[in-house]
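Coordinates from work_15.pdb are shown below (PDB, C-alpha atoms).
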```
ATOM      1  CA  MET G  22      15.524  14.194  36.545  1.00  0.00           C
ATOM      2  CA  ILE G  23      14.656  16.323  33.516  1.00  0.00           C
ATOM      3  CA  ILE G  24      13.357  14.671  30.370  1.00  0.00           C
ATOM      4  CA  VAL G  25      14.261  16.819  27.399  1.00  0.00           C
ATOM      5  CA  GLY G  26      12.862  14.811  24.523  1.00  0.00           C
ATOM      6  CA  LYS G  27      11.426  11.529  23.515  1.00  0.00           C
ATOM      7  CA  THR G  28      12.852   9.255  20.882  1.00  0.00           C
ATOM      8  CA  VAL G  29      10.231   7.934  18.490  1.00  0.00           C
ATOM      9  CA  GLU G  30      10.959   4.671  16.755  1.00  0.00           C
ATOM     10  CA  SER G  31      11.422   4.848  13.021  1.00  0.00           C
ATOM     11  CA  TYR G  32       8.519   4.094  10.733  1.00  0.00           C
ATOM     12  CA  ARG G  33      10.316   1.037   9.347  1.00  0.00           C
ATOM     13  CA  ILE G  34      10.769  -0.485  12.812  1.00  0.00           C
ATOM     14  CA  ALA G  35       7.161   0.267  13.751  1.00  0.00           C
ATOM     15  CA  LEU G  36       5.983  -1.182  10.434  1.00  0.00           C
ATOM     16  CA  GLU G  37       7.833  -4.457  11.005  1.00  0.00           C
ATOM     17  CA  GLY G  38       6.202  -4.663  14.432  1.00  0.00           C
ATOM     18  CA  GLU G  39       2.788  -4.137  12.830  1.00  0.00           C
ATOM     19  CA  ILE G  40       3.466  -6.817  10.213  1.00  0.00           C
ATOM     20  CA  SER G  41       4.657  -9.292  12.850  1.00  0.00           C
ATOM     21  CA  ARG G  42       1.327  -8.871  14.663  1.00  0.00           C
ATOM     22  CA  TRP G  43      -0.290 -10.502  11.611  1.00  0.00           C
ATOM     23  CA  ASN G  44       1.744 -13.734  12.012  1.00  0.00           C
ATOM     24  CA  GLY G  45      -1.218 -15.806  13.246  1.00  0.00           C
ATOM     25  CA  PHE G  46      -3.272 -14.722  10.246  1.00  0.00           C
ATOM     26  CA  ILE G  47      -0.392 -15.435   7.882  1.00  0.00           C
ATOM     27  CA  ARG G  48       0.125 -18.937   9.274  1.00  0.00           C
ATOM     28  CA  ALA G  49      -3.586 -19.712   8.764  1.00  0.00           C
ATOM     29  CA  LEU G  50      -3.452 -18.855   5.045  1.00  0.00           C
ATOM     30  CA  ARG G  51      -3.008 -21.409   2.277  1.00  0.00           C
ATOM     31  CA  LYS G  52       0.399 -21.329   0.611  1.00  0.00           C
ATOM     32  CA  ASP G  53      -0.687 -19.355  -2.477  1.00  0.00           C
ATOM     33  CA  ASP G  54      -2.606 -16.865  -0.315  1.00  0.00           C
ATOM     34  CA  ARG G  55       0.402 -16.554   1.995  1.00  0.00           C
ATOM     35  CA  GLU G  56       2.631 -15.717  -0.972  1.00  0.00           C
ATOM     36  CA  ALA G  57       0.165 -13.037  -2.115  1.00  0.00           C
ATOM     37  CA  PHE G  58      -0.023 -11.643   1.424  1.00  0.00           C
ATOM     38  CA  GLU G  59       3.763 -11.501   1.711  1.00  0.00           C
ATOM     39  CA  GLU G  60       3.920  -9.683  -1.620  1.00  0.00           C
ATOM     40  CA  MET G  61       1.457  -7.106  -0.261  1.00  0.00           C
ATOM     41  CA  MET G  62       3.621  -6.649   2.827  1.00  0.00           C
ATOM     42  CA  ASP G  63       6.614  -6.054   0.558  1.00  0.00           C
ATOM     43  CA  MET G  64       4.577  -3.441  -1.323  1.00  0.00           C
ATOM     44  CA  GLY G  65       3.930  -1.683   1.969  1.00  0.00           C
ATOM     45  CA  ARG G  66       7.616  -1.792   2.810  1.00  0.00           C
ATOM     46  CA  GLY G  67       8.468  -0.375  -0.614  1.00  0.00           C
ATOM     47  CA  PHE G  68       7.196   3.098   0.281  1.00  0.00           C
ATOM     48  CA  ALA G  69       8.343   3.115   3.915  1.00  0.00           C
ATOM     49  CA  SER G  70      10.476   6.247   3.496  1.00  0.00           C
ATOM     50  CA  GLU G  71       7.589   8.184   1.970  1.00  0.00           C
ATOM     51  CA  ALA G  72       5.090   6.868   4.525  1.00  0.00           C
ATOM     52  CA  GLY G  73       7.443   7.841   7.341  1.00  0.00           C
ATOM     53  CA  ASN G  74       7.294  11.414   6.104  1.00  0.00           C
ATOM     54  CA  ALA G  75       3.503  11.455   6.375  1.00  0.00           C
ATOM     55  CA  THR G  76       3.808  12.020  10.152  1.00  0.00           C
ATOM     56  CA  ASN G  77       0.583  10.112  10.640  1.00  0.00           C
ATOM     57  CA  PRO G  78       0.195   8.752  14.176  1.00  0.00           C
ATOM     58  CA  ILE G  79      -1.795   5.803  12.835  1.00  0.00           C
ATOM     59  CA  LEU G  80       0.711   3.387  11.321  1.00  0.00           C
ATOM     60  CA  PHE G  81      -1.817   1.319   9.385  1.00  0.00           C
ATOM     61  CA  GLU G  82      -3.076   4.164   7.151  1.00  0.00           C
ATOM     62  CA  PRO G  83       0.185   5.030   5.353  1.00  0.00           C
ATOM     63  CA  PHE G  84       0.926   1.291   5.139  1.00  0.00           C
ATOM     64  CA  ILE G  85      -2.365   0.651   3.308  1.00  0.00           C
ATOM     65  CA  MET G  86      -1.804   3.697   1.079  1.00  0.00           C
ATOM     66  CA  SER G  87       1.619   2.274   0.169  1.00  0.00           C
ATOM     67  CA  ILE G  88       0.033  -1.032  -0.826  1.00  0.00           C
ATOM     68  CA  LEU G  89      -2.676   0.750  -2.834  1.00  0.00           C
ATOM     69  CA  LEU G  90      -0.075   2.871  -4.612  1.00  0.00           C
ATOM     70  CA  ALA G  91       1.996  -0.192  -5.521  1.00  0.00           C
ATOM     71  CA  GLN G  92      -1.140  -1.962  -6.775  1.00  0.00           C
ATOM     72  CA  GLN G  93      -2.146   1.068  -8.853  1.00  0.00           C
ATOM     73  CA  LYS G  94       1.316   1.281 -10.397  1.00  0.00           C
ATOM     74  CA  ARG G  95       1.079  -2.402 -11.288  1.00  0.00           C
ATOM     75  CA  ILE G  96      -2.377  -1.896 -12.852  1.00  0.00           C
ATOM     76  CA  LEU G  97      -1.155   1.072 -14.907  1.00  0.00           C
ATOM     77  CA  THR G  98       1.845  -0.910 -16.143  1.00  0.00           C
ATOM     78  CA  LEU G  99      -0.378  -3.815 -17.186  1.00  0.00           C
ATOM     79  CA  GLU G 100      -2.853  -1.475 -18.891  1.00  0.00           C
ATOM     80  CA  LYS G 101      -0.028   0.107 -20.878  1.00  0.00           C
ATOM     81  CA  LYS G 102       1.315  -3.305 -21.902  1.00  0.00           C
ATOM     82  CA  LEU G 103      -2.163  -4.400 -22.974  1.00  0.00           C
ATOM     83  CA  GLY G 104      -2.907  -1.108 -24.740  1.00  0.00           C
ATOM     84  CA  ILE G 105      -5.943  -0.428 -22.580  1.00  0.00           C
ATOM     85  CA  LYS G 106      -7.066   3.196 -22.411  1.00  0.00           C
ATOM     86  CA  GLN G 107      -7.549   4.557 -18.921  1.00  0.00           C
ATOM     87  CA  TYR G 108     -10.625   6.521 -17.959  1.00  0.00           C
ATOM     88  CA  VAL G 109     -11.573   8.010 -14.621  1.00  0.00           C
ATOM     89  CA  ALA G 110     -14.553   6.303 -12.983  1.00  0.00           C
ATOM     90  CA  GLY G 111     -17.775   8.205 -13.478  1.00  0.00           C
ATOM     91  CA  ILE G 112     -16.565  10.057 -16.576  1.00  0.00           C
ATOM     92  CA  PRO G 113     -17.985   8.527 -19.761  1.00  0.00           C
ATOM     93  CA  GLU G 114     -15.629   7.315 -22.463  1.00  0.00           C
ATOM     94  CA  PRO G 115     -15.553   9.590 -25.528  1.00  0.00           C
ATOM     95  CA  GLU G 116     -17.798   7.256 -27.576  1.00  0.00           C
ATOM     96  CA  GLN G 117     -20.417   7.195 -24.787  1.00  0.00           C
ATOM     97  CA  ALA G 118     -20.341  10.979 -24.381  1.00  0.00           C
ATOM     98  CA  GLN G 119     -21.128  11.516 -28.105  1.00  0.00           C
ATOM     99  CA  GLU G 120     -24.103   9.129 -27.946  1.00  0.00           C
ATOM    100  CA  ASN G 121     -25.795  11.138 -25.148  1.00  0.00           C
TER     101      ASN G 121
END
```
Here is the file; what I need is its structure written in the form of structure tokens.
Amino acid sequence: MIIVGKTVESYRIALEGEISRWNGFIRALRKDDREAFEEMMDMGRGFASEAGNATNPILFEPFIMSILLAQQKRILTLEKKLGIKQYVAGIPEPEQAQEN
């Protein structure tokens, strides 16, 4: 018997398997924490196509990056709505730079 290739499961299928492994943790959470956790899982699912293109053998890393990206987008949206200026950490704001 000759094996020509190997089929690799899609990122989305692998991701759902990873999420299902967290079921015990999810069940132990209080209701409001469970809702927040489920929202994070949805954030991770939201970039599944992009994460699947990362060709990273470690499933958890692109999943966490997807959640971080969704969180950052949410922060930026809120900052814009609140009129908050955004500065990169470690770089002084213009008023602070003039004082030095």
### Task
Carefully work through the PyMOL selection byres ((chain G and resi 39-41) around 10) for this structure and note down the residues it includes, as a ChimeraX atom specification.
/G:33-38,42-47,59,62,65-66,80-81,84
### Task
Give me the result of the PyMOL selection byres ((chain G and resi 86) around 12) on this file, residue by residue, as a PyMOL selection string.
chain G and resi 61-62+64-69+71-73+75+77+79-85+87-93
Would you write out those residues with C-alpha atoms, as a CSV table (one decimal), keeping the file's coordinate frame?
```csv
chain,number,residue,atom,x,y,z
G,61,MET,CA,1.5,-7.1,-0.3
G,62,MET,CA,3.6,-6.6,2.8
G,64,MET,CA,4.6,-3.4,-1.3
G,65,GLY,CA,3.9,-1.7,2.0
G,66,ARG,CA,7.6,-1.8,2.8
G,67,GLY,CA,8.5,-0.4,-0.6
G,68,PHE,CA,7.2,3.1,0.3
G,69,ALA,CA,8.3,3.1,3.9
G,71,GLU,CA,7.6,8.2,2.0
G,72,ALA,CA,5.1,6.9,4.5
G,73,GLY,CA,7.4,7.8,7.3
G,75,ALA,CA,3.5,11.5,6.4
G,77,ASN,CA,0.6,10.1,10.6
G,79,ILE,CA,-1.8,5.8,12.8
G,80,LEU,CA,0.7,3.4,11.3
G,81,PHE,CA,-1.8,1.3,9.4
G,82,GLU,CA,-3.1,4.2,7.2
G,83,PRO,CA,0.2,5.0,5.4
G,84,PHE,CA,0.9,1.3,5.1
G,85,ILE,CA,-2.4,0.7,3.3
G,87,SER,CA,1.6,2.3,0.2
G,88,ILE,CA,0.0,-1.0,-0.8
G,89,LEU,CA,-2.7,0.8,-2.8
G,90,LEU,CA,-0.1,2.9,-4.6
G,91,ALA,CA,2.0,-0.2,-5.5
G,92,GLN,CA,-1.1,-2.0,-6.8
G,93,GLN,CA,-2.1,1.1,-8.9
```
### Query
Interatomic distance between CA of Ala57 in chain G and CA of Lys106 in chain G?
27.0 Å
To box range 50-56 of chain G, take all atoms listed in the file, fit an axis-aligned box, add 5 Å on each side, and give centre and edge lengths in Å to one decimal, as JSON.
```
{"center_x": -0.4, "center_y": -18.6, "center_z": 1.3, "size_x": 16.1, "size_y": 15.7, "size_z": 17.5}
```
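Computed from the coordinates, the CA of Asp54 in chain G to CA of Ile105 in chain G distance equals 27.9 Å.
Each of G:Ser31, G:Lys102, G:Arg95, G:Lys52 was checked against Thr76 in chain G using all atoms listed in the file; the smallest atom-to-atom distance is that of G:Ser31.
Here CA of Asn74 in chain G is placed at a distance of 20.3 Å from CA of Lys94 in chain G.
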